[in-house]
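Okay, structure first, notes after.
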Amino acid sequence: MRFFRSLFVGCLSLVSLASHAETVKSLYQVREPVTSQSPDERDQATQRALDTLVLRLTGDAKAVQSPGLADIRKDPQQIISQYGFEAGPPEVLKVDFDPASTGQALRRAGLSLWGANRPSILTWWLNDSTEGSSLVGDGQASAEPLRRAAQHRGLPLRLPLADLSEQLVATAPNLEGTDAAPLREASDRYNADALLAVHAREEGGQWQAKWHLWLGDQKEAGSVQGADQAVLADAVMLAVNQRLAPRFVVKPGASGEQLLEVQGMSLERYATLGRLLEPFGARLVNVDADRILYRVNGSAEQLRSQLSLAKLQEVAAGEAPAPAPVTPVQPAAEGATPVVAPAPAPVPQLRFRW
């Protein structure tokens, strides 16, 4: 552990990483609108809050009906730390679920969970209405429905400034196109993990939208509709959650243990890596210079998706460093205590580097 001691002594200032993934704030806090503070309304809103949280953590619309959650659905108070009403409009019931007991309950039910560290999403959102066409920018009033929807669905949202140069790029043809190239150059300044393009239109008092999502080389697309902009925004963010979650969720018992080695470690990277590996139950095995070895639970595909959020690169088998040489053990002399040969170092199945 000499590596970490020297870092604590020598690192008085830390250099920021090229890691864009964000830890979702208030992931276990849910707000549900209510029409009154009656016990019946409170109980119904609490059930909706539980359903929202389960969907937020799993990305699976069927998860809330899991037989393993029947007891929790009968009495959600088992996993609630506090709740209260907030004045509106609209008035809402704010429910804070306990992360530890919630996670345990969902894992006991055999559900796949998505951790709090999630890809940041830069969203280009163009509204076309009877009042004209406008690109939603950070700080605008029109951004609030998007922010509330992203928080409701557990997504780290980023919005562009929507200055004149960006308005010229974020046109309807570019947002509805299948090629992200026109938007990528304008998106570079925001250092986000994923790119979401949405073209929303109002027709006959109803809203509908086409959306495209790019994360690395993978692309998703779809269309939604809603009675107003808030409902539409929630529908888009729900769809994005359900498309992203399968890449990152970790299902208990679905994959065996794996040894993961990461090269090029530093103190700040150690903290970042710990957050990324939290959903995989990571346990530290060994530290050797700037290499660290973890025992994790999860598939290779899930780990690759998660580590890509911090821009880690996988090390090919031929690039892996040679194992340290093992000193041969001489035969013990007659009557002497035998020398036990050291156990060979564990061989990681996956290797990555910063």
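The chains in the structure tokens are called A, B, ... from first to last as shown; in each chain the residues are counted from 1, and the ligands are counted from 1 in the order shown.
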
Taking only stretch 25-272 of chain A into account, list the residues labelled helix (DSSP H, G or I) by DSSP (computed from the backbone), as a PyMOL selection string. chain A and resi 39-58+63-65+67-74+76-79+99-108+141-152+164-169+172-176+181-190+229-248+267-272

Show which residues sit within 8 Å of A:Leu350, as a PyMOL selection string. Count only C-alpha atoms, and ignore same-chain residues fewer than 6 positions away. chain A and resi 258-261+300+314-315

Using only C-alpha atoms, which residues of stretch 114-173 of chain A come within 7 Å of stretch 46-60 of chain A, and what is the closest atom pair for each, with the distance in Å to one decimal? Give it as a Markdown table, sorted by chain and residue number.
| residue | atom | partner | partner_atom | distance |
| --- | --- | --- | --- | --- |
| A:Trp114 | CA | A:Leu57 | CA | 5.3 |
| A:Arg153 | CA | A:Arg56 | CA | 5.3 |
| A:Gly154 | CA | A:Arg56 | CA | 5.7 |

Could those selected residues go to a file with C-alpha atoms, as a PDB file, in the first residue's frame?
ATOM      1  CA  TRP A 114     -28.625   0.542 -11.821  1.00  0.00           C
ATOM      2  CA  ARG A 153     -36.462   9.347 -14.093  1.00  0.00           C
ATOM      3  CA  GLY A 154     -33.016   9.409 -12.472  1.00  0.00           C
TER       4      GLY A 154
END

Distance query A:Pro119 at most 12 Å, only C-alpha atoms, self and fewer than 2 positions along chain excluded, as an MDAnalysis selection string: chainID A and resid 19:24 114:117 121:122 154:158 191:196 213:216 240:241 244:245 247:248 276 305:311

Can I get the selected residues back with N, CA and C atoms, as a short mmCIF file (atom, residue, chain, number, x, y, z; two decimals), in the first residue's frame?
data_model
loop_
_atom_site.label_atom_id
_atom_site.label_comp_id
_atom_site.auth_asym_id
_atom_site.auth_seq_id
_atom_site.Cartn_x
_atom_site.Cartn_y
_atom_site.Cartn_z
N SER A 19 -13.41 12.31 -16.79
CA SER A 19 -14.55 11.46 -16.48
C SER A 19 -15.78 12.33 -16.43
N HIS A 20 -16.81 11.97 -17.21
CA HIS A 20 -17.97 12.83 -17.33
C HIS A 20 -19.19 12.25 -16.66
N ALA A 21 -19.15 10.98 -16.27
CA ALA A 21 -20.29 10.38 -15.60
C ALA A 21 -20.59 11.15 -14.32
N GLU A 22 -21.86 11.20 -13.96
CA GLU A 22 -22.27 11.96 -12.80
C GLU A 22 -22.98 11.06 -11.80
N THR A 23 -22.84 11.40 -10.53
CA THR A 23 -23.61 10.73 -9.49
C THR A 23 -24.94 11.45 -9.37
N VAL A 24 -26.02 10.73 -9.63
CA VAL A 24 -27.35 11.34 -9.62
C VAL A 24 -27.71 11.74 -8.19
N TRP A 114 -29.50 -0.43 -11.18
CA TRP A 114 -28.62 0.54 -11.82
C TRP A 114 -28.15 1.50 -10.74
N GLY A 115 -26.82 1.62 -10.58
CA GLY A 115 -26.25 2.47 -9.53
C GLY A 115 -26.47 3.95 -9.79
N ALA A 116 -26.02 4.76 -8.83
CA ALA A 116 -26.23 6.21 -8.90
C ALA A 116 -25.29 6.89 -9.88
N ASN A 117 -24.19 6.22 -10.25
CA ASN A 117 -23.23 6.81 -11.19
C ASN A 117 -23.70 6.52 -12.61
N ILE A 121 -26.04 13.31 -19.88
CA ILE A 121 -26.75 13.36 -21.16
C ILE A 121 -26.91 14.81 -21.60
N LEU A 122 -26.24 15.19 -22.67
CA LEU A 122 -26.44 16.51 -23.25
C LEU A 122 -27.67 16.44 -24.16
N GLY A 154 -34.35 9.77 -12.94
CA GLY A 154 -33.02 9.41 -12.47
C GLY A 154 -31.93 9.57 -13.51
N LEU A 155 -31.97 10.66 -14.29
CA LEU A 155 -30.99 10.87 -15.34
C LEU A 155 -30.23 12.19 -15.12
N PRO A 156 -28.90 12.20 -15.29
CA PRO A 156 -28.12 13.45 -15.18
C PRO A 156 -28.24 14.25 -16.48
N LEU A 157 -29.00 15.32 -16.45
CA LEU A 157 -29.29 16.12 -17.64
C LEU A 157 -28.34 17.30 -17.76
N ARG A 158 -27.88 17.54 -18.97
CA ARG A 158 -27.15 18.76 -19.30
C ARG A 158 -27.85 19.42 -20.48
N ASN A 191 -18.64 18.16 -22.83
CA ASN A 191 -18.02 16.97 -22.24
C ASN A 191 -19.03 16.00 -21.63
N ALA A 192 -20.09 15.71 -22.33
CA ALA A 192 -21.09 14.77 -21.84
C ALA A 192 -20.81 13.37 -22.38
N ASP A 193 -21.39 12.36 -21.72
CA ASP A 193 -21.21 10.97 -22.15
C ASP A 193 -22.14 10.61 -23.30
N ALA A 194 -23.38 11.07 -23.21
CA ALA A 194 -24.40 10.71 -24.19
C ALA A 194 -24.97 11.96 -24.83
N LEU A 195 -25.53 11.78 -26.01
CA LEU A 195 -26.11 12.88 -26.79
C LEU A 195 -27.56 12.53 -27.09
N LEU A 196 -28.49 13.39 -26.67
CA LEU A 196 -29.91 13.19 -26.90
C LEU A 196 -30.45 14.33 -27.75
N LEU A 213 -30.87 8.96 -29.43
CA LEU A 213 -29.89 8.92 -28.34
C LEU A 213 -28.64 8.20 -28.82
N TRP A 214 -27.48 8.83 -28.59
CA TRP A 214 -26.19 8.22 -28.93
C TRP A 214 -25.35 8.11 -27.67
N LEU A 215 -24.84 6.92 -27.40
CA LEU A 215 -23.89 6.69 -26.32
C LEU A 215 -22.77 5.84 -26.89
N GLY A 216 -21.61 6.47 -27.11
CA GLY A 216 -20.53 5.78 -27.79
C GLY A 216 -20.95 5.45 -29.21
N VAL A 240 -35.66 7.00 -22.38
CA VAL A 240 -34.19 6.99 -22.34
C VAL A 240 -33.70 6.13 -21.18
N ASN A 241 -34.34 6.26 -20.02
CA ASN A 241 -33.98 5.43 -18.87
C ASN A 241 -34.09 3.95 -19.22
N LEU A 244 -31.23 2.86 -21.59
CA LEU A 244 -29.88 2.88 -21.03
C LEU A 244 -29.68 1.83 -19.93
N ALA A 245 -30.69 1.64 -19.10
CA ALA A 245 -30.55 0.80 -17.92
C ALA A 245 -30.01 -0.60 -18.22
N ARG A 247 -27.84 -1.64 -20.07
CA ARG A 247 -26.39 -1.67 -20.30
C ARG A 247 -25.61 -1.60 -18.98
N PHE A 248 -26.26 -1.14 -17.91
CA PHE A 248 -25.53 -0.87 -16.68
C PHE A 248 -26.04 -1.62 -15.47
N LEU A 276 -17.62 4.12 -9.48
CA LEU A 276 -18.05 3.39 -10.67
C LEU A 276 -18.33 1.92 -10.37
N SER A 305 -19.28 -1.35 -20.12
CA SER A 305 -20.16 -0.19 -20.24
C SER A 305 -19.92 0.80 -19.11
N GLN A 306 -19.78 0.30 -17.88
CA GLN A 306 -19.61 1.17 -16.73
C GLN A 306 -18.27 1.90 -16.78
N LEU A 307 -17.20 1.18 -17.10
CA LEU A 307 -15.88 1.80 -17.10
C LEU A 307 -15.69 2.75 -18.28
N SER A 308 -16.48 2.57 -19.33
CA SER A 308 -16.39 3.49 -20.46
C SER A 308 -16.83 4.90 -20.05
N LEU A 309 -17.63 5.01 -18.98
CA LEU A 309 -18.07 6.33 -18.51
C LEU A 309 -16.91 7.17 -18.02
N ALA A 310 -15.84 6.51 -17.56
CA ALA A 310 -14.65 7.23 -17.12
C ALA A 310 -13.56 7.23 -18.18
N LYS A 311 -13.93 6.82 -19.39
CA LYS A 311 -13.01 6.81 -20.54
C LYS A 311 -11.83 5.86 -20.32
#

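With only C-alpha atoms as the basis for measurement, A:Val34 is the residue among A:Val34, A:Ala162, A:Val224, A:Leu69 that approaches A:Ala87 most closely.
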
Atom pair atom CA of A:His212 + atom CA of A:Lys25, distance 24.8 Å

A:Pro348: which residues within 12 Å, counting only C-alpha atoms, same-chain residues fewer than 3 positions away excluded, as a PyMOL selection string? chain A and resi 257-263+285-286+291-296+300+315+317+320-321+323+345+351-352

Please produce a file of those selected residues containing N, CA and C atoms, as a short mmCIF file (atom, residue, chain, number, x, y, z; two decimals), in the first residue's frame.
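The resulting file, part-v3.cif, is shown below:
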data_model
loop_
_atom_site.label_atom_id
_atom_site.label_comp_id
_atom_site.auth_asym_id
_atom_site.auth_seq_id
_atom_site.Cartn_x
_atom_site.Cartn_y
_atom_site.Cartn_z
N GLU A 257 -18.06 -14.15 -10.15
CA GLU A 257 -17.00 -13.23 -9.74
C GLU A 257 -15.97 -13.08 -10.84
N GLN A 258 -15.40 -11.88 -10.92
CA GLN A 258 -14.33 -11.62 -11.86
C GLN A 258 -13.25 -10.80 -11.17
N LEU A 259 -12.03 -10.96 -11.64
CA LEU A 259 -10.93 -10.13 -11.17
C LEU A 259 -10.69 -9.04 -12.20
N LEU A 260 -10.69 -7.81 -11.73
CA LEU A 260 -10.52 -6.64 -12.59
C LEU A 260 -9.27 -5.89 -12.20
N GLU A 261 -8.38 -5.68 -13.15
CA GLU A 261 -7.17 -4.89 -12.92
C GLU A 261 -7.28 -3.57 -13.65
N VAL A 262 -6.92 -2.49 -12.97
CA VAL A 262 -6.91 -1.16 -13.58
C VAL A 262 -5.52 -0.57 -13.40
N GLN A 263 -4.94 -0.10 -14.50
CA GLN A 263 -3.59 0.44 -14.50
C GLN A 263 -3.64 1.98 -14.58
N VAL A 285 -8.36 -6.26 -3.76
CA VAL A 285 -7.56 -7.47 -3.59
C VAL A 285 -6.08 -7.14 -3.41
N ASN A 286 -5.57 -6.23 -4.26
CA ASN A 286 -4.14 -5.96 -4.22
C ASN A 286 -3.83 -4.62 -4.88
N ARG A 291 -0.97 -0.08 -10.25
CA ARG A 291 -1.97 -1.07 -10.66
C ARG A 291 -2.78 -1.50 -9.44
N ILE A 292 -4.09 -1.66 -9.66
CA ILE A 292 -4.97 -2.06 -8.58
C ILE A 292 -5.83 -3.23 -9.05
N LEU A 293 -6.11 -4.15 -8.13
CA LEU A 293 -6.86 -5.35 -8.47
C LEU A 293 -8.10 -5.43 -7.59
N TYR A 294 -9.26 -5.59 -8.24
CA TYR A 294 -10.53 -5.70 -7.54
C TYR A 294 -11.19 -7.04 -7.86
N ARG A 295 -11.95 -7.55 -6.90
CA ARG A 295 -12.84 -8.67 -7.15
C ARG A 295 -14.25 -8.10 -7.26
N VAL A 296 -14.92 -8.36 -8.39
CA VAL A 296 -16.22 -7.75 -8.65
C VAL A 296 -17.22 -8.82 -9.08
N ALA A 300 -18.73 -9.18 -18.09
CA ALA A 300 -17.72 -8.37 -18.78
C ALA A 300 -18.37 -7.21 -19.53
N VAL A 315 -7.33 -3.21 -21.91
CA VAL A 315 -6.00 -3.68 -22.31
C VAL A 315 -6.14 -5.05 -22.94
N ALA A 317 -5.12 -8.73 -24.38
CA ALA A 317 -4.36 -9.79 -23.71
C ALA A 317 -2.87 -9.68 -24.01
N ALA A 320 -0.98 -6.99 -21.84
CA ALA A 320 -0.92 -7.11 -20.37
C ALA A 320 0.51 -7.29 -19.91
N PRO A 321 0.89 -6.64 -18.81
CA PRO A 321 2.25 -6.77 -18.31
C PRO A 321 2.53 -8.20 -17.86
N PRO A 323 3.64 -11.25 -15.62
CA PRO A 323 3.58 -11.44 -14.17
C PRO A 323 4.97 -11.38 -13.55
N ALA A 345 0.25 -15.14 -7.92
CA ALA A 345 -0.64 -13.98 -7.93
C ALA A 345 -1.88 -14.28 -8.76
N ARG A 351 -8.65 -6.34 -17.88
CA ARG A 351 -7.65 -5.31 -17.58
C ARG A 351 -8.03 -4.03 -18.30
N PHE A 352 -7.95 -2.92 -17.56
CA PHE A 352 -8.22 -1.61 -18.14
C PHE A 352 -7.11 -0.65 -17.72
#

Considering only C-alpha atoms, state which residue in the set A:Glu32, A:Asp128, A:Glu166, A:Asp228 is at the smallest distance from A:Gly84. A:Glu32
